[in-house]
Structures are given as structure tokens and as C-alpha cells.
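Colleague: Structure provided below as C-alpha cells; questions to follow.
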Amino acid sequence: MKTEERQKIIITLLCALAAIAAAFGIHCLEIGSRTENKIKVGFVYVGDISDAYTNNFVRAQREIENQYGDRVITLARYNVPEDIVEPVLDELAEAGCGLIFTTSYGYGEKAKEFAEKYPEIQFCAATCTNANEEPKLSNYHTFMGNIYEGRYISGVVAGMKLSELIDEGKLTREQAKIGYIAAFPIAEVISGYTAFFLGVRSVVPEAEMTVKYADTWSNYHLEKSIAKELIDDGCVIISQHSDTAGPASACEETDRSKSVYYVSYNESMRDIAPTTYLTGSKINWTPYMTAAVGAVLSGRDIESCVKGNVNGRDIGSGFGNDWVRMLEINDFVAAEGTQERVSELINGFRQNKITVFKGDYIGVDPYDPSDMIDLREGYIENENSSAPTFHYILKDVITVE
């Protein structure tokens, strides 16, 4: 073999070896980046897994752990009162968390203060409204699902049951009365029960609703007692924006000579109320929380990595991005055709074809009677904020006690 040919072969082999080495080096760098980029993620919970609201967040935490494996270490703190959250936030910050999720509106003010105190940590506050208020911080974010969509569909399911009872002669249209146990008179709650009511009225236009406030998120015995009062007052459908199974138990324990049915929130109550539970809805926190963790791991802005409606440092979405889900339908109790109607409505929301807050109604601000809204023109909920903003009581058709 000639010297020139040997040299060509050697050069070719060296080039091939260099290419293999380079490829191996890049692969090692990629593996290194995947294994070396780790993060501690803190979770501050207002309750624990025994309450449905907190348990939905815990499900998102578990998905984060499953999806990211040993790249993530999670630190969870349960049953943290809203007025003493500071020591817990300090603890998580000092423990080295690079991302902290808070899960109740009452944490928002302190969470933002800590974001200013610890600019190297990302803080994500569920259900809060202050991300775009001054001071605007690049490491403080808010998020929430468009739950009014699920509540509206739940109302349609309830309306279909009322219509069935009317058709069967078990109820007159004048007896189509709804009872609602509400936690507090805030926009999130008012928006929710209004959407539910408008869903009912899309099927039974004569329906009216009575709302009673519990002034607490989680008091089983009080919520159950309020539900019983509403049933005794003639309410046929009971629903809630509170966190215990008290209302479900009240409905199931009602004398079967009365027609009473129940719509839940956050979790199915079929096991507790098998003969009265219809359906319910919940926020699915997983899409936002898993994407937020991925963003921090990759060093990217959270708002660039989450699918949703972005307004500054605030993100929300509904059925379109799987941020809202319907709970199981109790086919044993629900009216015929319920499942098909629910599917149609979900598709309607995904295609932006449904406007919930619209109709021949006048809304009145409960804190300022001079502030009124004519819903014939419509109101777009969650247009500029992930947290609900509709805060008007519908005049003459919703009674607040």
C-alpha cells in the first residue's frame, strides 16, 4: 500500500473517531444537564388530603414527582393557616427551594412579599390576583382555572334533572328552587354560583336560587346544617362552594318522599350520596404546575412554557387546555341524555362558542347598590385575569340570606 493511501486511511479513521468522540461528548453533556439540573419545590397547603380542594393540588404534586423523577425534590407543608404562613415560607426558602407553590388566596400578600425578599426563588400563587399589581416581580406569578365553565355545565345537568322531574309530574315549574352553600361573598364564589344558576336557567327558565353563606371554607357540620335548612325551605337542587361533604350527606339523608338532588365541587360524592349525587366539576392544577416546574428547570420564563391565557405574570385557562374537568356523572340519577349534552358543552367551551354571563338580568354589587350591570350586553369572565371577577347578584332571581 502506498504511503499516500495509508495516510488517507489514517486521516479518515481519525476523523471518524473524532466524530464519535464529539457525539459521545455532546450526549454526556445532555445527560449531565438532565441529571445536574435539579430543583427543590415547595408546596404550602391550607388543608390536607382529607379535603378535596387540597387533594387536587396534591395530585398535581404527585404528577410532578412522577414526571421529573429525581430531578425534583418536593417539600410539602399541610394545614398552614393563612395568617401564619410566614414561618413556613421562610422555612422553604431556607431549605433551598427554587420554586414555591402556595395554594390559597389568603397566602397571596405574604407570598409576594417573600418573592421580593428572595428574588432567586420563583413563587406561584394559586387563585390570587396580585401578580400584575405594583410592584411587579419577575419571580411572582398567579394562576387559576376558569372554573365558571365547569359550574355552568354542572348547572345544565341540574336543570336537566329539574326538567325531568317536571315532565314526570313530580315537580311544578314554580317549585324549581335551588339552594347553594357558599363560603364567602367574594367574586370567586359569586361568579361560581351565578354561572351554576345560569346553567340551570338555560334549561328551566323559571328556576330561582337561594344562597346562604357559611363564612368558612370547611366546616362539615355547619355546611350540612345549612343544606338541611335549604332543603326544608323547598330547595330541590343543592350545590356548594365549600370544601366538605356535609351538603352531600344532608341530601342523602333526606326523606325519599322529597325530591332532592346534589351537585358537588372538587370531587365526586357518589360514594357518599349514591341516590342524590348528579355530577360536579373541578380545577385541574396539573397542566400549570408541571409546566412551571419544567420552566424553572430549563431556566425559562414560566409564562413562555405554560399553555393558557397569559396576562403579564398571570395565567388561566379552561376546558381548552384541560385546566377544568367535569367529575363523573351518576347515570343512575342523572336525566337521560346528560352525558351527550355535557360533551357538547365542553366542546362549545373549547371552541369559544359559549358566553355564560349573558341574558335578561340586572346584576347588583352587594357592597355598592349603585354599581349595576345589564347582562343583556354580556360579561366576559376571566378576560384579563385568571381569578374570577364577576361579583354581581342577579336581581329578583337570586336571594342571598
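In the C-alpha cells, the first chain shown is A, the next is B, and so on; residue numbers restart at 1 for each chain, and ligands run from 1 in the order shown.
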Determine, counting only C-alpha atoms, which protein, DNA and RNA residues have an atom within 10 Å of an atom of segment 173-180 of chain A; residues of the same chain fewer than 4 positions away are not included. Present the result as a ChimeraX atom specification.
Modeller: /A:158-159,162-163,165-167,169,193,196-197,200-201,204-213,226-231,233-242,247,260-263,398-400
Colleague: Excluding same-chain residues fewer than 3 positions from segment 336-346 of chain A, what lies within 7 Å of it counting only C-alpha atoms, as number ranges by chain?
Modeller: A: 153, 157, 319, 349-350
Colleague: So how many Å separate atom CA of Glu91 of chain A and atom CA of Ser50 of chain A, to one decimal?
Modeller: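 Answer for the atom CA of Glu91 of chain A to atom CA of Ser50 of chain A separation: 24.0 Å.
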Colleague: Quick one: residues within 12 Å of Cys128 of chain A, only C-alpha atoms counted, chain neighbours fewer than 4 positions away excluded, as a VMD selection string?
Modeller: chain A and resid 101 to 112 123 to 124 132 to 133 140 to 145 187 to 188 313 to 316 385 to 389
Colleague: Please extract the residues of segment 115-238 of chain A with a backbone DSSP assignment of strand (DSSP E or B) and present them as a list in words.
Modeller: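 So, restricting segment 115-238 of chain A to strand (DSSP E or B), we get Gln122, Phe123, Cys124, Ala125, Ala126, Tyr140, His141, Thr142, Phe143, Met144, Gly145, Lys177, Ile178, Gly179, Tyr180, Ile181, Ala182, Glu208, Met209, Thr210, Val211, Lys212, Tyr213, Ile237 and Ile238 of chain A.
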Colleague: For N, CA and C atoms, I'd like the residues from the last selection saved as a CSV table (one decimal), in the first residue's frame.
Modeller:
```
chain,number,residue,atom,x,y,z
A,122,GLN,N,-38.7,31.4,42.5
A,122,GLN,CA,-40.0,31.6,41.8
A,122,GLN,C,-41.1,31.2,42.7
A,123,PHE,N,-42.1,32.1,42.9
A,123,PHE,CA,-43.3,31.9,43.7
A,123,PHE,C,-44.5,31.9,42.8
A,124,CYS,N,-45.3,30.9,42.9
A,124,CYS,CA,-46.5,30.7,42.1
A,124,CYS,C,-47.7,30.6,43.0
A,125,ALA,N,-48.6,31.6,43.0
A,125,ALA,CA,-49.7,31.7,44.0
A,125,ALA,C,-51.1,31.3,43.3
A,126,ALA,N,-51.7,30.2,43.6
A,126,ALA,CA,-52.9,29.8,43.1
A,126,ALA,C,-54.1,30.7,43.6
A,140,TYR,N,-42.7,36.4,40.6
A,140,TYR,CA,-44.0,36.1,41.3
A,140,TYR,C,-45.1,36.0,40.3
A,141,HIS,N,-45.9,34.9,40.4
A,141,HIS,CA,-46.9,34.5,39.3
A,141,HIS,C,-48.2,34.1,40.0
A,142,THR,N,-49.3,34.3,39.3
A,142,THR,CA,-50.6,33.8,39.8
A,142,THR,C,-51.2,32.9,38.7
A,143,PHE,N,-52.1,32.0,39.2
A,143,PHE,CA,-52.8,31.1,38.2
A,143,PHE,C,-54.1,30.6,38.8
A,144,MET,N,-55.0,30.3,37.9
A,144,MET,CA,-56.3,29.6,38.3
A,144,MET,C,-57.0,29.2,37.1
A,145,GLY,N,-57.8,28.1,37.2
A,145,GLY,CA,-58.6,27.6,36.1
A,145,GLY,C,-59.9,28.4,36.0
A,177,LYS,N,-86.6,25.2,42.7
A,177,LYS,CA,-85.8,26.1,43.5
A,177,LYS,C,-84.5,25.4,43.9
A,178,ILE,N,-83.4,26.2,43.8
A,178,ILE,CA,-82.1,25.7,44.1
A,178,ILE,C,-81.6,26.3,45.4
A,179,GLY,N,-80.8,25.5,46.1
A,179,GLY,CA,-80.1,26.0,47.3
A,179,GLY,C,-78.6,25.9,47.1
A,180,TYR,N,-77.9,26.9,47.6
A,180,TYR,CA,-76.4,26.9,47.4
A,180,TYR,C,-75.7,27.4,48.7
A,181,ILE,N,-74.8,26.5,49.1
A,181,ILE,CA,-74.0,26.8,50.3
A,181,ILE,C,-72.7,27.5,49.8
A,182,ALA,N,-72.5,28.7,50.2
A,182,ALA,CA,-71.3,29.5,49.7
A,182,ALA,C,-70.4,29.8,50.9
A,208,GLU,N,-85.3,29.5,40.5
A,208,GLU,CA,-84.8,30.6,41.3
A,208,GLU,C,-83.8,29.9,42.3
A,209,MET,N,-83.0,30.8,42.9
A,209,MET,CA,-81.9,30.2,43.8
A,209,MET,C,-81.8,31.0,45.1
A,210,THR,N,-81.6,30.3,46.2
A,210,THR,CA,-81.3,30.9,47.5
A,210,THR,C,-79.9,30.5,47.9
A,211,VAL,N,-79.1,31.5,48.2
A,211,VAL,CA,-77.7,31.4,48.6
A,211,VAL,C,-77.6,31.7,50.1
A,212,LYS,N,-76.9,30.8,50.8
A,212,LYS,CA,-76.6,31.0,52.3
A,212,LYS,C,-75.1,30.9,52.5
A,213,TYR,N,-74.5,31.9,53.1
A,213,TYR,CA,-73.1,31.9,53.3
A,213,TYR,C,-72.7,31.2,54.6
A,237,ILE,N,-82.6,21.2,44.3
A,237,ILE,CA,-81.2,21.0,43.9
A,237,ILE,C,-80.3,21.7,45.0
A,238,ILE,N,-79.3,21.0,45.5
A,238,ILE,CA,-78.3,21.6,46.4
A,238,ILE,C,-76.9,21.6,45.8
```
Colleague: Just the residues within 12 Å of segment 373-384 of chain A, please, counting only C-alpha atoms, with nothing from its chain fewer than 6 positions along; format it as an NGL selection string.
Modeller: :A and (127 or 129 or 132 or 143-149 or 187-188 or 190-192 or 194-195 or 198 or 308-318 or 352 or 354-365 or 390-395)
Colleague: Rounded to one decimal in Å, what is the spacing between atom CA of Leu137 of chain A and atom CA of Asp322 of chain A?
Modeller: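 Going from atom CA of Leu137 of chain A over to atom CA of Asp322 of chain A covers 27.4 Å.
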Colleague: Could you tell me how far atom CA of Pro366 of chain A lies from atom CA of Ala131 of chain A, in Å and to one decimal?
Modeller: 25.8 Å
